[in-house]
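*Asks:* See work_23.txt below, with compact mmCIF, C-alpha atoms.
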# COMPACT_ATOMS: atom_id res chain seq x y z
CA MET E 120 26.73 36.93 -4.23
CA THR E 121 26.63 40.22 -6.06
CA PRO E 122 29.50 41.04 -8.44
CA ARG E 123 30.60 43.66 -5.93
CA THR E 124 30.89 41.18 -3.03
CA VAL E 125 32.79 38.79 -5.30
CA ARG E 126 35.20 41.59 -6.20
CA ILE E 127 35.77 42.46 -2.55
CA TRP E 128 36.48 38.82 -1.66
CA LYS E 129 38.85 38.57 -4.62
CA ASP E 130 40.70 41.63 -3.32
CA VAL E 131 40.85 40.09 0.15
CA HIS E 132 42.26 36.90 -1.37
CA LYS E 133 44.76 38.82 -3.46
CA TRP E 134 46.11 41.06 -0.70
CA THR E 135 46.18 38.52 2.12
CA SER E 136 47.97 36.12 -0.24
CA LEU E 137 50.48 38.70 -1.40
CA VAL E 138 51.35 39.64 2.18
CA CYS E 139 52.14 36.08 3.21
CA THR E 140 53.33 34.38 0.00
CA LEU E 141 57.05 35.14 0.36
CA PHE E 142 57.08 33.93 3.98
CA LEU E 143 54.99 30.90 3.14
CA PHE E 144 57.55 29.94 0.50
CA ILE E 145 60.23 30.10 3.20
CA LEU E 146 58.04 28.16 5.67
CA CYS E 147 57.11 25.45 3.17
CA LEU E 148 60.68 25.06 1.86
CA THR E 149 62.21 24.90 5.36
CA GLY E 150 59.31 22.88 6.72
CA LEU E 151 59.85 20.13 4.17
CA PRO E 152 63.21 18.92 5.57
CA LEU E 153 62.01 19.56 9.14
CA ILE E 154 59.26 16.93 8.69
CA PHE E 155 62.12 14.45 8.40
CA HIS E 156 64.41 16.04 11.01
CA GLU E 157 64.69 12.82 13.02
CA GLU E 158 65.81 10.86 9.98
CA ILE E 159 68.22 13.64 8.91
CA ASP E 160 69.65 14.00 12.43
CA ARG E 161 70.22 10.25 12.60
CA MET E 162 71.91 10.26 9.19
CA LEU E 163 74.18 13.14 10.23
CA GLY E 164 75.09 11.42 13.48
CA ALA E 165 73.43 13.99 15.76
CA THR E 166 71.65 11.26 17.67
CA ALA E 167 73.82 8.91 19.68
CA ALA E 168 73.14 5.19 19.49
CA PRO E 169 72.93 3.58 22.94
CA ASP E 170 75.60 1.09 23.97
CA SER E 171 74.96 -2.36 22.59
CA ILE E 172 74.32 -4.42 25.69
CA ALA E 173 71.41 -6.72 26.53
CA ALA E 174 68.14 -4.93 25.80
CA ASP E 175 66.73 -5.79 29.23
CA ALA E 176 69.78 -4.53 31.15
CA PRO E 177 68.53 -2.49 34.13
CA MET E 178 68.68 1.30 34.17
CA ILE E 179 71.16 2.81 36.64
CA SER E 180 69.87 5.37 39.13
CA LEU E 181 69.11 8.81 37.69
CA ASP E 182 71.10 10.23 40.61
CA ARG E 183 74.17 8.49 39.21
CA VAL E 184 73.43 9.84 35.71
CA ILE E 185 73.21 13.39 37.08
CA GLU E 186 76.48 12.83 39.00
CA ILE E 187 78.23 11.71 35.82
CA GLY E 188 76.95 14.77 33.97
CA ARG E 189 78.01 17.14 36.77
CA ALA E 190 81.49 15.67 36.94
CA GLU E 191 81.95 16.23 33.23
CA ARG E 192 80.79 19.90 33.25
CA PRO E 193 81.32 21.13 36.82
CA ASN E 194 81.00 24.82 35.97
CA GLU E 195 77.49 24.60 34.60
CA ALA E 196 74.11 23.70 36.09
CA ILE E 197 71.84 20.89 34.98
CA THR E 198 68.38 22.35 34.38
CA PHE E 199 66.54 19.40 32.86
CA ALA E 200 66.85 15.63 32.60
CA VAL E 201 64.85 14.27 29.66
CA PRO E 202 64.45 10.58 28.81
CA ASP E 203 64.70 9.73 25.11
CA ASP E 204 61.47 8.78 23.32
CA ASP E 205 62.95 5.66 21.76
CA ASP E 206 66.22 4.69 23.45
CA PRO E 207 67.14 3.97 27.10
CA VAL E 208 69.22 7.14 27.31
CA TRP E 209 68.96 10.43 29.22
CA HIS E 210 69.48 13.88 27.73
CA LEU E 211 70.84 16.32 30.32
CA PHE E 212 70.38 20.03 29.58
CA PHE E 213 73.11 22.36 30.88
CA ALA E 214 72.95 26.12 31.40
CA ALA E 215 75.41 28.73 32.65
CA ALA E 216 73.20 29.19 35.73
CA ILE E 217 70.36 27.06 37.11
CA ASN E 218 67.74 29.75 36.36
CA SER E 219 69.00 30.59 32.88
CA PRO E 220 66.59 29.80 30.03
CA LYS E 221 69.46 29.49 27.55
CA VAL E 222 70.73 25.96 26.86
CA ALA E 223 74.54 25.81 26.97
CA ALA E 224 74.89 22.11 26.13
CA VAL E 225 72.98 18.88 25.85
CA MET E 226 74.66 15.69 27.08
CA THR E 227 73.35 12.26 26.17
CA ILE E 228 74.13 9.50 28.66
CA ASP E 229 73.32 5.81 28.31
CA GLY E 230 70.84 5.01 31.09
CA ARG E 231 72.24 1.51 31.66
CA THR E 232 76.01 1.86 31.29
CA GLY E 233 76.30 5.50 32.37
CA ARG E 234 78.60 6.22 29.45
CA ILE E 235 78.48 9.72 27.93
CA LEU E 236 77.39 9.11 24.34
CA ARG E 237 77.38 12.63 22.98
CA VAL E 238 77.72 16.29 23.96
CA GLY E 239 76.28 18.93 21.66
CA ASP E 240 74.81 22.41 21.82
CA SER E 241 71.39 21.08 20.85
CA THR E 242 69.63 17.74 20.39
CA ARG E 243 69.62 18.51 16.68
CA SER E 244 72.39 18.55 14.08
CA PRO E 245 73.75 22.03 13.13
CA ILE E 246 72.05 22.07 9.72
CA VAL E 247 68.67 21.01 11.15
CA LYS E 248 69.10 23.54 13.97
CA PHE E 249 69.74 26.25 11.35
CA ILE E 250 66.63 25.32 9.35
CA THR E 251 64.57 25.08 12.56
CA ASP E 252 65.60 28.59 13.62
CA LEU E 253 64.81 29.99 10.18
CA HIS E 254 61.43 28.26 10.21
CA THR E 255 60.40 29.25 13.74
CA ASP E 256 61.64 32.85 14.04
CA LEU E 257 63.66 33.91 10.95
CA PHE E 258 66.62 34.27 13.40
CA LEU E 259 64.76 37.16 15.05
CA GLY E 260 63.93 35.46 18.34
CA GLU E 261 60.56 35.91 19.96
CA LYS E 262 59.60 38.89 17.77
CA GLY E 263 60.22 36.78 14.68
CA MET E 264 58.08 33.99 16.12
CA LEU E 265 55.14 36.30 16.75
CA PHE E 266 55.57 37.86 13.32
CA LEU E 267 55.33 34.42 11.70
CA GLY E 268 52.27 33.75 13.87
CA ALA E 269 50.63 36.81 12.29
CA ILE E 270 51.70 35.56 8.85
CA GLY E 271 49.98 32.27 9.70
CA LEU E 272 46.74 34.12 10.46
CA CYS E 273 47.09 36.01 7.19
CA PHE E 274 47.46 32.63 5.47
CA VAL E 275 44.23 31.46 7.13
CA ALA E 276 42.47 34.60 5.83
CA ALA E 277 43.83 33.88 2.34
CA ILE E 278 42.51 30.30 2.49
CA VAL E 279 39.05 31.36 3.69
CA SER E 280 38.73 34.09 1.03
CA GLY E 281 40.05 31.57 -1.50
CA ILE E 282 37.17 29.21 -0.68
CA VAL E 283 34.70 32.08 -1.07
CA VAL E 284 35.94 33.05 -4.55
CA TYR E 285 36.18 29.39 -5.57
CA GLY E 286 32.35 29.38 -5.87
CA PRO E 287 31.98 32.08 -8.56
CA PHE E 288 35.05 30.74 -10.40
CA MET E 289 33.57 27.26 -10.67
CA ARG E 290 30.01 28.26 -11.52
CA ARG E 291 30.32 26.96 -15.07
CA LEU E 292 33.02 24.35 -14.55
CA ASP E 293 33.04 20.78 -13.33
CA PHE E 294 35.08 19.91 -10.24
CA GLY E 295 38.60 19.11 -11.37
CA THR E 296 38.32 20.75 -14.78
CA MET E 297 41.78 21.29 -16.27
CA ARG E 298 42.25 23.24 -19.50
CA PRO E 299 45.76 22.23 -20.53
CA ARG E 300 45.87 24.07 -23.84
CA ALA E 301 46.26 27.54 -22.35
CA ARG E 302 49.04 27.94 -19.84
CA ARG E 303 47.38 30.58 -17.71
CA LEU E 304 44.06 28.75 -17.58
CA TYR E 305 45.90 25.54 -16.78
CA TRP E 306 47.59 27.12 -13.76
CA LEU E 307 44.35 28.82 -12.74
CA ASP E 308 42.63 25.42 -12.79
CA MET E 309 45.55 23.86 -10.92
CA HIS E 310 45.47 26.66 -8.31
CA ASN E 311 41.72 26.16 -7.83
CA LEU E 312 41.84 22.36 -7.68
CA ALA E 313 44.92 21.94 -5.47
CA GLY E 314 43.86 24.88 -3.30
CA VAL E 315 40.40 23.53 -2.65
CA VAL E 316 41.43 19.92 -1.95
CA LEU E 317 44.17 21.15 0.42
CA THR E 318 41.87 23.53 2.31
CA ALA E 319 41.39 21.43 5.46
CA TRP E 320 45.05 20.45 5.73
CA MET E 321 46.36 23.97 5.07
CA LEU E 322 43.94 25.46 7.62
CA VAL E 323 45.04 22.98 10.29
CA VAL E 324 48.77 23.36 9.61
CA GLY E 325 48.46 27.15 9.35
CA LEU E 326 46.43 27.56 12.54
CA THR E 327 48.49 25.11 14.60
CA GLY E 328 51.64 26.81 13.31
CA SER E 329 50.33 30.15 14.55
CA ILE E 330 49.46 28.60 17.92
CA ASN E 331 52.99 27.16 18.17
CA THR E 332 54.43 30.67 17.83
CA LEU E 333 52.81 31.44 21.20
CA ALA E 334 54.79 28.65 22.93
CA GLN E 335 57.02 31.03 24.89
CA GLN E 336 54.11 33.26 25.97
CA ILE E 337 52.18 30.20 27.06
CA ALA E 338 55.13 28.74 29.00
CA ARG E 339 55.74 32.05 30.78
CA HIS E 340 52.07 32.50 31.61
CA TRP E 341 51.96 28.96 33.04
CA GLN E 342 55.06 29.70 35.16
CA ARG E 343 53.60 32.96 36.48
CA THR E 344 50.18 31.54 37.33
CA GLU E 345 49.89 27.75 37.70
CA LEU E 346 53.46 27.01 38.80
CA VAL E 347 53.52 29.93 41.25
CA GLU E 348 50.22 28.76 42.79
CA MET E 349 51.36 25.14 43.06
CA ILE E 350 54.52 26.01 44.99
CA ALA E 351 53.10 29.05 46.85
CA PRO E 352 53.31 27.43 50.35
CA TRP E 353 57.09 27.10 49.91
CA ARG E 354 57.51 30.63 48.59
CA ASN E 355 59.59 31.80 51.55
CA ALA E 356 61.22 28.50 52.43
CA PRO E 357 64.98 28.37 51.87
CA ALA E 358 66.13 26.13 49.02
CA PRO E 359 67.26 22.73 50.37
CA ALA E 360 71.05 22.61 50.66
CA ASN E 361 71.15 18.92 49.78
CA PRO E 362 68.25 18.10 47.45
CA SER E 363 66.76 14.65 47.91
CA SER E 364 67.24 11.88 45.36
CA VAL E 365 66.02 12.75 41.86
CA GLN E 366 65.46 9.03 41.20
CA LYS E 367 63.11 8.88 44.21
CA ALA E 368 61.38 12.08 43.08
CA MET E 369 60.75 10.48 39.68
CA GLU E 370 59.42 7.27 41.29
CA THR E 371 57.14 9.20 43.66
CA ALA E 372 55.73 11.22 40.75
CA LEU E 373 55.14 8.09 38.66
CA ALA E 374 53.42 6.37 41.60
CA SER E 375 51.04 9.35 41.90
CA ALA E 376 49.86 8.97 38.30
CA PRO E 377 49.53 5.32 37.22
CA GLY E 378 49.89 4.65 33.50
CA MET E 379 51.95 7.76 32.84
CA GLU E 380 55.57 8.10 31.74
CA VAL E 381 58.27 10.68 32.38
CA SER E 382 58.41 13.44 29.80
CA SER E 383 61.04 15.59 31.52
CA ILE E 384 62.34 16.50 34.96
CA ALA E 385 63.09 20.10 35.90
CA MET E 386 65.79 20.39 38.57
CA PRO E 387 65.26 22.46 41.75
CA GLY E 388 65.95 26.14 41.10
CA SER E 389 65.25 25.94 37.39
CA LEU E 390 62.52 27.99 35.73
CA PHE E 391 60.04 25.14 35.57
CA ALA E 392 60.47 23.85 39.12
CA GLY E 393 60.90 26.66 41.64
CA GLY E 394 63.63 26.67 44.29
CA HIS E 395 62.16 24.00 46.54
CA HIS E 396 60.92 21.34 44.12
CA TYR E 397 61.59 18.91 41.37
CA GLY E 398 59.17 19.56 38.52
CA VAL E 399 58.42 16.08 37.18
CA PHE E 400 56.48 16.34 33.94
CA LEU E 401 54.60 13.20 32.96
CA HIS E 402 52.71 12.26 29.83
CA GLY E 403 50.29 9.47 28.92
CA ASN E 404 51.16 6.47 26.78
CA THR E 405 48.55 6.65 23.99
CA PRO E 406 49.13 8.75 20.85
CA LEU E 407 46.82 11.51 22.11
CA THR E 408 47.61 11.46 25.85
CA SER E 409 51.35 11.28 25.11
CA LYS E 410 50.99 14.85 23.85
CA LEU E 411 49.43 16.05 27.10
CA ILE E 412 51.72 16.92 29.97
CA MET E 413 50.92 16.47 33.67
CA PRO E 414 53.18 18.43 36.03
CA VAL E 415 53.92 16.83 39.42
CA MET E 416 55.81 18.87 42.00
CA ILE E 417 58.03 16.82 44.32
CA ASN E 418 59.48 18.45 47.43
CA ALA E 419 63.24 18.48 46.98
CA ALA E 420 63.86 18.66 50.76
CA ASP E 421 62.31 15.29 51.63
CA GLY E 422 61.24 13.77 48.32
CA THR E 423 57.53 13.83 49.14
CA PHE E 424 54.66 14.61 46.78
CA SER E 425 53.63 18.27 46.99
CA GLU E 426 51.15 19.11 44.29
CA SER E 427 49.95 18.16 40.84
CA ARG E 428 47.35 19.69 38.61
CA GLU E 429 46.26 19.29 35.02
CA LEU E 430 47.50 21.77 32.47
CA PRO E 431 45.17 24.67 31.73
CA TRP E 432 43.25 24.52 28.43
CA TYR E 433 45.55 26.92 26.57
CA ALA E 434 48.57 24.74 27.30
CA LYS E 435 46.67 21.63 26.18
CA VAL E 436 45.78 23.40 22.93
CA LEU E 437 49.49 24.13 22.43
CA PHE E 438 50.53 20.53 23.05
CA VAL E 439 47.91 19.13 20.69
CA SER E 440 48.84 21.74 18.08
CA LYS E 441 52.41 20.52 17.90
CA PRO E 442 51.85 17.09 16.27
CA LEU E 443 49.13 18.52 14.01
CA HIS E 444 51.70 21.02 12.71
CA PHE E 445 54.70 18.67 12.46
CA GLY E 446 52.90 15.56 11.12
CA ASP E 447 55.09 13.36 13.31
CA TYR E 448 52.34 11.30 14.91
CA GLY E 449 51.66 8.53 12.40
CA GLY E 450 54.95 6.94 11.45
CA LEU E 451 57.13 7.49 8.38
CA PRO E 452 54.26 7.09 5.83
CA LEU E 453 52.44 10.03 7.44
CA LYS E 454 55.61 12.11 7.25
CA ILE E 455 55.97 11.30 3.55
CA ILE E 456 52.33 12.27 2.90
CA TRP E 457 52.91 15.44 4.97
CA GLY E 458 55.87 16.21 2.72
CA LEU E 459 53.84 15.67 -0.46
CA LEU E 460 51.04 17.87 0.88
CA ASP E 461 53.69 20.50 1.61
CA ILE E 462 54.96 20.26 -1.99
CA LEU E 463 51.39 20.58 -3.28
CA THR E 464 51.02 23.70 -1.11
CA LEU E 465 54.12 25.09 -2.83
CA ILE E 466 52.36 24.47 -6.16
CA VAL E 467 49.32 26.41 -4.92
CA LEU E 468 51.58 29.27 -3.81
CA GLY E 469 53.60 29.22 -7.03
CA SER E 470 50.57 29.09 -9.31
CA GLY E 471 48.88 31.87 -7.34
CA LEU E 472 51.94 34.07 -7.67
CA TYR E 473 52.25 33.21 -11.36
CA LEU E 474 48.61 34.15 -11.97
CA TRP E 475 49.13 37.49 -10.25
CA VAL E 476 52.29 38.25 -12.24
CA ALA E 477 50.84 36.99 -15.54
CA ARG E 478 47.82 39.20 -14.95
CA TRP E 479 49.96 42.28 -15.63
CA ARG E 480 51.14 41.09 -19.00
CA THR E 481 47.76 40.83 -20.72
CA ALA E 482 45.31 42.25 -18.28
CA PRO E 483 42.17 42.27 -20.46
CA SER E 484 42.15 38.59 -21.32
CA TRP E 485 42.94 37.64 -17.72
CA LYS E 486 40.04 39.71 -16.48
CA ALA E 487 37.77 38.03 -18.99
CA ALA E 488 38.99 34.65 -17.82
CA ALA E 489 38.48 35.54 -14.20
CA ARG E 490 35.00 36.96 -14.72
CA ALA E 491 33.70 34.12 -16.88
CA PRO E 492 35.95 31.10 -16.84
CA GLY E 493 33.41 29.18 -18.86
CA LEU E 494 33.54 31.66 -21.72
CA ALA E 495 37.31 31.82 -21.64
CA ALA E 496 37.42 28.06 -21.90
CA GLN E 497 35.92 28.29 -25.34
CA VAL E 498 38.74 30.43 -26.68
CA PRO E 499 41.78 29.06 -24.91
CA GLU E 500 44.07 29.39 -27.95
CA ARG E 501 43.95 33.15 -27.66
CA LEU E 502 45.42 33.00 -24.21
CA MET O 235 28.48 21.20 -19.62
CA ILE O 236 30.32 24.52 -19.89
CA ASN O 237 27.45 26.94 -19.83
CA VAL O 238 25.26 25.21 -17.29
CA ARG O 239 25.24 27.17 -14.06
CA ARG O 240 25.95 25.10 -10.98
CA SER O 241 24.46 25.57 -7.56
CA ALA O 242 26.65 26.13 -4.50
CA THR O 243 25.88 22.56 -3.43
CA GLN O 244 27.13 21.19 -6.74
CA ILE O 245 30.27 23.35 -6.59
CA PHE O 246 31.17 22.60 -2.99
CA LEU O 247 30.04 18.97 -2.70
CA PHE O 248 33.36 17.35 -3.67
CA PRO O 249 35.54 19.87 -1.80
CA ALA O 250 33.39 19.37 1.32
CA ILE O 251 33.64 15.57 1.10
CA ILE O 252 37.41 15.80 0.71
CA ALA O 253 37.66 18.22 3.64
CA VAL O 254 35.74 15.78 5.87
CA ILE O 255 37.98 12.89 4.79
CA VAL O 256 41.12 14.96 5.50
CA ALA O 257 39.79 16.08 8.89
CA PHE O 258 39.15 12.44 9.76
CA GLY O 259 42.68 11.53 8.65
CA LEU O 260 44.22 14.31 10.75
CA VAL O 261 42.42 13.13 13.88
CA SER O 262 42.62 9.37 13.40
CA ALA O 263 46.40 9.03 13.83
CA LEU O 264 46.07 11.01 17.07
CA LEU O 265 43.51 8.55 18.43
CA GLY O 266 45.51 5.37 18.17
CA ASP O 267 48.23 3.36 16.46
CA GLY O 268 48.03 0.53 13.94
CA ILE O 269 44.74 0.68 12.03
CA TRP O 270 44.25 4.34 13.05
CA ASP O 271 47.57 5.25 11.44
CA THR O 272 46.70 3.34 8.27
CA THR O 273 43.32 5.05 7.89
CA SER O 274 45.07 8.36 8.43
CA TRP O 275 47.54 7.63 5.60
CA ILE O 276 44.72 6.68 3.23
CA ALA O 277 42.57 9.68 4.14
CA LEU O 278 45.40 12.21 3.85
CA ALA O 279 46.50 10.73 0.51
CA VAL O 280 43.07 11.59 -0.95
CA PRO O 281 43.87 15.25 -1.85
CA LEU O 282 47.11 14.08 -3.48
CA ALA O 283 45.33 11.36 -5.45
CA VAL O 284 42.51 13.67 -6.58
CA THR O 285 44.93 16.35 -7.78
CA ALA O 286 47.11 13.77 -9.55
CA PHE O 287 44.06 12.19 -11.19
CA PHE O 288 42.75 15.42 -12.72
CA ALA O 289 46.21 16.78 -13.56
CA CYS O 290 47.17 13.60 -15.44
CA ARG O 291 43.85 13.14 -17.23
CA LYS O 292 44.59 13.55 -20.94
CA ARG O 293 41.47 15.35 -22.14
CA PRO O 294 39.13 17.42 -20.02
CA ALA O 295 35.70 15.84 -19.78
CA ASN O 296 33.92 18.95 -20.97
CA SER O 297 35.63 19.56 -24.31
Turn the structure described in the file into structure tokens.
*Replies:*
Amino acid sequence: MTPRTVRIWKDVHKWTSLVCTLFLFILCLTGLPLIFHEEIDRMLGATAAPDSIAADAPMISLDRVIEIGRAERPNEAITFAVPDDDDPVWHLFFAAAINSPKVAAVMTIDGRTGRILRVGDSTRSPIVKFITDLHTDLFLGEKGMLFLGAIGLCFVAAIVSGIVVYGPFMRRLDFGTMRPRARRLYWLDMHNLAGVVLTAWMLVVGLTGSINTLAQQIARHWQRTELVEMIAPWRNAPAPANPSSVQKAMETALASAPGMEVSSIAMPGSLFAGGHHYGVFLHGNTPLTSKLIMPVMINAADGTFSESRELPWYAKVLFVSKPLHFGDYGGLPLKIIWGLLDILTLIVLGSGLYLWVARWRTAPSWKAAARAPGLAAQVPERL
Amino acid sequence: MINVRRSATQIFLFPAIIAVIVAFGLVSALLGDGIWDTTSWIALAVPLAVTAFFACRKRPANS
């Protein structure tokens, strides 16, 4: 590389980093507790423990569960029924109207005793909900989400340009060289070392984070294209006055796809089902296939199978991006490692910012250090 | 070793190896449970261990 190309890449690294650093601090600091949101929610009592009866007690009919929920909140509509990942309980999602996207309440009902365990405005505790909102959209809704998606892409550009300038910086240095006697050189070495070993992880978390910001666009596009096509033959049919059994709908869907489990059930009339169907969303039972959703449309007039088709590629990309961003797919040890990698990312951000600020104080010596780190290493006391 | 120029291969060999290990760790926990999770933990701990090793080393090798 010519000195001019190196300088251009350094400028790219500097400016892309400066644009996203503040937001990345927010994302890393809020992301850290979110890695452990399940543990925090449990500690704060946001998750309801199921009733302590025999573990093999049979589940009551989902129709009964829905009935119990409706009786408790008669003025709202149930949009979704979602089985818990770990416990034999159902989470019922309520909205002011059946076709409203806004969740009014979430009710957790024991699937064996039918007892209402908890009613909240979210499945998360208030503090985790607050941090989640800050992390996903800075409280700015969809615009905030897309803005953070752009910040994620800026982060990716900063990482790529960082790799490019790593070469010239390390021309005269061994991998892992640390020069502890001069503070600025020490943090430069730390920035280079931690930055380069984190490259793969930061790229994956940054890119998947950006993809996750498209979740609402992707969901809407799926509704407008795939869902509309699946239920097109019933487009003009009147909504059934007395929908068939939701328990039967679930069983029919499961029978159509052996080896799969229920991920969620969208009630007739809700945004993910259409007026004439139950939208039964299944997922596989291995770590990878459990991330991939298979929609099965069940006719709500007679409970028969209507249509099912695999998710389009862009939706699959979204569902695989989620675990790769959250780090929640390999048990608690993976979460802890994810947290430590997040903290190391904060060190890369902090040292980068420090180097940029410190550059102003004694510009000449910094420039010398940047141009020829090997030479600077010989006179560290001066720095 | 300070004034010896290094080739791109020498500079990027270790970072590339670490990147491959991390990529493997990211995928392995997606593929299965049990042993796949364990290999993922070990692989993703590599960047942490490498950074800790060089940061805690008392004297740089090249001085």
*Asks:* Taking every listed atom of range 197-206 of chain E and adding 8 Å to each side, what centre and edge lengths in Å (one decimal) does the axis-aligned box have, as JSON?
*Replies:*
{"center_x": 66.7, "center_y": 13.5, "center_z": 28.4, "size_x": 26.4, "size_y": 33.7, "size_z": 29.2}
*Asks:* Report, in Å with one decimal, the straight-line distance from CA of Phe144 in chain E to CA of Thr251 in chain E.
*Replies:*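 These two atoms are separated by 14.8 Å.
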*Asks:* Name the residues in contact with range 263-274 of chain O at a cut-off of 9 Å, using all atoms listed in the file, excluding same-chain residues fewer than 6 positions from it; report them as a list in words.
*Replies:* Thr405, Pro406, Leu407, Thr408, Pro442, Leu443, Tyr448, Gly449, Gly450, Pro452 and Leu453 of chain E; Val256 of chain O
*Asks:* Enumerate as number ranges by chain the residues belonging to chain E that approach chain O to within 8 Å, with all atoms listed in the file taken into account.
*Replies:* E: 286, 289-298, 309, 312-313, 315-320, 405-407, 443, 448-450, 452-453, 456, 459-460, 463, 493-494
*Asks:* Find the residues near Arg243 in chain E: any atom within 8 Å, counting only C-alpha atoms, skip ones fewer than 3 places away on the same chain, and give them as a PyMOL selection string.
*Replies:* chain E and resi 160+165-166+247-248
*Asks:* Quote the spacing between CA of Leu430 in chain E and CA of Asp206 in chain E in Å to one decimal place.
*Replies:*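 For CA of Leu430 in chain E relative to CA of Asp206 in chain E, the distance reads 26.9 Å.
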*Asks:* Of the candidates E:Ile228, E:Met321, E:Ile337, E:Val283, which shows the shortest atom-to-atom distance to Arg183 in chain E, using only C-alpha atoms?
*Replies:* E:Ile228
